[in-house]
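Participant: To start, I am sharing the structure in question, which I have written as structure tokens.
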Amino acid sequence: MIRRVFLRFPSILLALVLSAATLPGAAAAEPGLVGATAVAVVPHELGQTYIYLRVYDDSLVVRVELSVRDAERVLEFGWDPEAVTTADVRNVEGRLRAYVEPKVSLRTEGTELVLRFRESELLDLGANDYINLVYETEGWTGLPDEIEVEFTPLFEVDSDHRNMLIVEHNWKTATFNNEGNVSLIFSPRASTQTLDLTSSSVLRGFIGFIWLGVWHILIGFDHILFLMALVLPAVLLRRKGEWEPVPDFRSALMKIVTIVTFFTIAHSVTLSLAALDVIRMPSRLVESVIAASIAAAALANLTTRLNVREWMIAFAFGLFHGFGFATVLGDIGMGREYLVLSLLGFNIGVELGQVAIICVAFPILFALRRKPVYRWIRVLGSLVLITIALYWFTERAFDIDIPLVPAPLQPLLNR
């Protein structure tokens, strides 16, 4: 709950940025979340049929999504559109394929790609369900510069119908699980169009993963709070049972560099191991330990009696933060292509994000370290961090939702 409160604004901002992106025939600027065009739509609207492409170096996966109402309209199965099941779809799979397949054509360099049917299913989207037909292509010999696409379902019965092509996955444009940005819009007068892939490149994909890492650390509120808990005492020394300001900037800088370095080493190791499927950890355990790490780091800031080094805390809990980062890569459906470059780019982005946060916070803390107010910053800041961390830990460890906002105000939060 608290995380939704803090992350709501950046999520909205991200959506606006993605919708405004204007890179033709390639992924929009924000990696991992967007498709290959400037046209942003709410997918699965009435009067629209969709073709999704998952572009790989050695294969192309094609999904055609046709609304149940449109399928009933042209094929007259006798369905109640609000009561169709996956079993119903598979019972008429042959007729669906016979209708759709002649209306889909993909060509590269003048050669038509052969679509090999894989499976069908029903997508439960509430009031407007869709039928999903999945194909793999034969004859894909590498990423071409262009794909000529003809896509004409429903045009023979409705001149106002529109068909959309969406690039769902393309590593070389850092596009993953995209469903909201459309590359091409087909109409009866423009039923054949060309998808431009010339902007796809390994460098572009690598840079996209760097930005994905930067963005994740900037919106990863728990990672930011863990860093803040470690940075708070970085301008102080524990000496003879008292806190003392570090004597100079270089000493403080070396201390924070050491902390961040050990945190980086730790999360890089576990991120790589998780991405390679060497080690798997339950998400609930990982998220709970990440919350506990904030409380532990902040608790150490309240006393000088603990013989503790911040870099030790950073390393120990950084191992679990790495598993948390791995979850992000899993959620975007990264796959195993260019895995080394993906991990390297994402790690670089995470470090750049950390450096940006520290560059803002650390000089301020250093300037205030000798001021009486710094004691209150350290104590009150640590208490706030502990409170938030315990709240998160309780929610995550026990799988419960503790509301922070009174029930009458919940609709305002969820808008």
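Labeling convention for the structure tokens: chains A, B, ... as they appear, residues from 1 per chain, ligands from 1 in order of appearance.
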So that I can see what lies close to segment 110-116 of chain A, please list as a PyMOL selection string the residues with an atom at most 8 Å from it, counting only C-alpha atoms and leaving out residues fewer than 3 positions away in the same chain.

Facilitator: chain A and resi 105-107+135-140

Participant: Near Val134 of chain A, within 6 Å and counting only C-alpha atoms, which residues show up once chain neighbours fewer than 4 positions away are dropped, as an NGL selection string?

Facilitator: :A and (62-63 or 118-119)

Participant: Of the residues A:Glu287, A:Glu101, A:Glu93, A:Asp331, which is the one nearest to Arg396 of chain A, using only C-alpha atoms?

Facilitator: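 Ranking A:Glu287, A:Glu101, A:Glu93, A:Asp331 by distance to Arg396 of chain A, first place goes to A:Glu287.
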
Participant: Quick one: of A:Leu237, A:Arg250, A:Ile265, A:Ile51, who's nearest to Ile185 of chain A, counting only C-alpha atoms?

Facilitator: A:Ile51

Participant: Would you kindly return, as a compact mmCIF listing (two decimals) with C-alpha atoms, in the first residue's frame, each protein, DNA or RNA residue with an atom no farther than 12 Å from any atom of Glu395 of chain A, considering only C-alpha atoms and excluding same-chain residues fewer than 3 positions away?

Facilitator:
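What follows is the written file result22.txt:
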```txt
# COMPACT_ATOMS: atom_id res chain seq x y z
CA MET A 1 0.00 0.00 0.00
CA ILE A 2 2.65 2.54 1.02
CA ARG A 3 4.67 1.66 -2.04
CA ARG A 284 8.08 -13.70 -0.91
CA LEU A 285 11.25 -14.50 1.03
CA GLU A 287 10.99 -9.21 -0.73
CA SER A 288 10.64 -9.80 3.02
CA VAL A 289 14.42 -9.86 3.54
CA ALA A 291 12.35 -4.96 3.79
CA ALA A 292 14.21 -6.34 6.81
CA ILE A 388 8.38 1.80 6.85
CA ALA A 389 10.53 -1.32 6.72
CA LEU A 390 8.56 -3.09 9.44
CA TYR A 391 5.33 -2.21 7.69
CA TRP A 392 6.63 -3.68 4.43
CA PHE A 398 2.55 -12.61 6.12
CA ASP A 399 1.00 -11.81 2.71
CA ILE A 400 -1.47 -9.26 4.04
CA ASP A 401 -2.45 -5.76 2.96
CA ILE A 402 -2.43 -3.22 5.78
CA PRO A 403 -4.33 -0.12 4.62
CA LEU A 404 -2.73 3.23 5.35
```

Participant: Could you give me, as an NGL selection string, the residues within 8 Å of Leu230 of chain A, counting only C-alpha atoms and dropping anything in the same chain fewer than 4 positions from it?

Facilitator: :A and (226 or 234 or 259 or 297-298 or 310 or 314)

Participant: Could you check which of A:Leu154, A:Val100, A:Val286, A:Leu341 is closest to Leu133 of chain A, using only C-alpha atoms?

Facilitator: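 Checking each candidate against Leu133 of chain A, we get A:Val100 as the closest.
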
Participant: With distances taken over only C-alpha atoms, which residue among A:Leu46, A:Leu125, A:Val68, A:Val202 lies nearest Asn163 of chain A?

Facilitator: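 Going through A:Leu46, A:Leu125, A:Val68, A:Val202 one by one, the smallest distance to Asn163 of chain A is for A:Leu46.
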
Participant: Any idea what's packed within 6 Å of His267 of chain A, counting only C-alpha atoms, ignoring anything in its chain fewer than 3 positions away? Could you give it as a PyMOL selection string?

Facilitator: chain A and resi 264+270-271+318-319+321-322

Participant: As a ChimeraX atom specification, please: all residues of segment 66-228 of chain A that backbone DSSP puts in alpha helix (DSSP H).

Facilitator: /A:68-75,86-91,93-100,202-219,221-228

Participant: Which residues of segment 108-132 of chain A come within 10 Å of segment 70-85 of chain A, and what is each one's closest atom pair and distance in Å (one decimal), counting only C-alpha atoms, sorted by chain and residue number, as a tab-separated table?

Facilitator:
```
residue	atom	partner	partner_atom	distance
A:Glu121	CA	A:Thr85	CA	8.8
A:Leu122	CA	A:Thr85	CA	6.6
A:Leu123	CA	A:Thr85	CA	9.3
A:Asp124	CA	A:Thr85	CA	8.9
A:Gly126	CA	A:Glu82	CA	8.5
A:Ala127	CA	A:Glu82	CA	7.0
A:Asn128	CA	A:Glu82	CA	7.9
A:Asp129	CA	A:Pro81	CA	7.9
A:Tyr130	CA	A:Ala71	CA	9.0
A:Ile131	CA	A:Ala71	CA	8.3
```

Participant: Considering only C-alpha atoms, tabulate each residue of segment 286-325 of chain A that lies at most 10 Å from segment 278-281 of chain A along with its nearest interatomic pair and the corresponding distance in Å to one decimal; arrange the rows by chain and ascending residue number and present them as a tab-separated table.

Facilitator:
```
residue	atom	partner	partner_atom	distance
A:Val286	CA	A:Met281	CA	6.8
A:Phe320	CA	A:Met281	CA	9.0
A:Phe323	CA	A:Met281	CA	7.3
A:Gly324	CA	A:Met281	CA	9.5
```

Participant: Can I get the selected residues back with N, CA and C atoms, as a CSV table (one decimal), in the first residue's frame?

Facilitator:
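Once everything was written out, this is result24.csv:
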```
chain,number,residue,atom,x,y,z
A,286,VAL,N,12.5,-13.2,-0.6
A,286,VAL,CA,13.4,-12.1,-1.1
A,286,VAL,C,12.8,-10.8,-0.7
A,320,PHE,N,20.5,-10.3,-1.4
A,320,PHE,CA,19.0,-10.5,-1.5
A,320,PHE,C,18.5,-9.4,-2.5
A,323,PHE,N,18.6,-10.7,-6.0
A,323,PHE,CA,17.5,-11.5,-6.3
A,323,PHE,C,16.3,-10.7,-6.7
A,324,GLY,N,16.1,-9.6,-6.0
A,324,GLY,CA,15.0,-8.7,-6.3
A,324,GLY,C,15.2,-8.1,-7.7
```

Participant: Quick one: of A:Val61, A:Ile256, A:Val373, A:Val328, who's nearest to Leu232 of chain A, counting only C-alpha atoms?

Facilitator: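 Of the candidates, the smallest distance to Leu232 of chain A is held by A:Ile256.
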
Participant: Determine the nearest neighbour of Arg309 of chain A from the options A:Pro102, A:Pro188, A:Pro282, A:Pro233, counting only C-alpha atoms.

Facilitator: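 So, comparing all the options, the nearest one is A:Pro233.
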
Participant: State, in Å with one decimal place, the distance from atom CA of Thr198 of chain A to atom CA of Pro144 of chain A.

Facilitator: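 Computing the Euclidean distance for atom CA of Thr198 of chain A and atom CA of Pro144 of chain A yields 7.9 Å.
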
Participant: In Å to one decimal, how far is atom CA of Val355 of chain A from atom CA of Leu339 of chain A?

Facilitator: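 Taking atom CA of Leu339 of chain A and atom CA of Val355 of chain A, their separation equals 24.2 Å.
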
Participant: Apply DSSP to the structure's backbone, then extract all residues of segment 122-197 of chain A labelled strand (DSSP E or B) and return them as an MDAnalysis selection string.

Facilitator: chainID A and resid 122:123 130:138 146:151 162:170 175 181:182 184:187 190 192:196

Participant: What lies within 8 Å of Leu184 of chain A using only C-alpha atoms, ignoring chain neighbours under 4 positions off, as a ChimeraX atom specification?

Facilitator: /A:37,164-166,193,195

Participant: Just to confirm, what's the straight-line distance from atom CA of Pro153 of chain A to atom CA of Leu197 of chain A in Å (one decimal)?

Facilitator: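 Distance reported for this atom pair: 24.1 Å.
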
Participant: Quick one: residues within 12 Å of Tyr338 of chain A, only C-alpha atoms counted, chain neighbours fewer than 6 positions away excluded, as number ranges by chain?

Facilitator: A: 56-57, 170-172, 174, 201-203, 205-206, 209, 275-276, 344-345

Participant: Just C-alpha atoms for this one: save the residues we selected as a PDB file, in the first residue's frame.

Facilitator:
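Contents of the output file result-v4.pdb:
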```pdb
ATOM      1  CA  TYR A  56      14.289 -12.808 -32.183  1.00  0.00           C
ATOM      2  CA  ASP A  57      17.508 -13.251 -34.138  1.00  0.00           C
ATOM      3  CA  ASN A 170      12.619  -7.091 -29.691  1.00  0.00           C
ATOM      4  CA  TRP A 171      15.812  -7.215 -27.646  1.00  0.00           C
ATOM      5  CA  LYS A 172      17.646  -4.964 -30.060  1.00  0.00           C
ATOM      6  CA  ALA A 174      14.925  -3.041 -25.620  1.00  0.00           C
ATOM      7  CA  SER A 201      20.925  -2.980 -33.101  1.00  0.00           C
ATOM      8  CA  VAL A 202      22.861  -4.691 -30.341  1.00  0.00           C
ATOM      9  CA  LEU A 203      24.100  -1.295 -29.154  1.00  0.00           C
ATOM     10  CA  GLY A 205      19.431  -2.983 -26.932  1.00  0.00           C
ATOM     11  CA  PHE A 206      22.421  -2.656 -24.603  1.00  0.00           C
ATOM     12  CA  PHE A 209      19.087  -2.172 -20.631  1.00  0.00           C
ATOM     13  CA  ALA A 275      19.271 -14.900 -14.343  1.00  0.00           C
ATOM     14  CA  LEU A 276      21.244 -18.012 -15.271  1.00  0.00           C
ATOM     15  CA  LEU A 344      25.946  -6.040 -17.909  1.00  0.00           C
ATOM     16  CA  GLY A 345      23.731  -3.229 -19.173  1.00  0.00           C
TER      17      GLY A 345
END
```
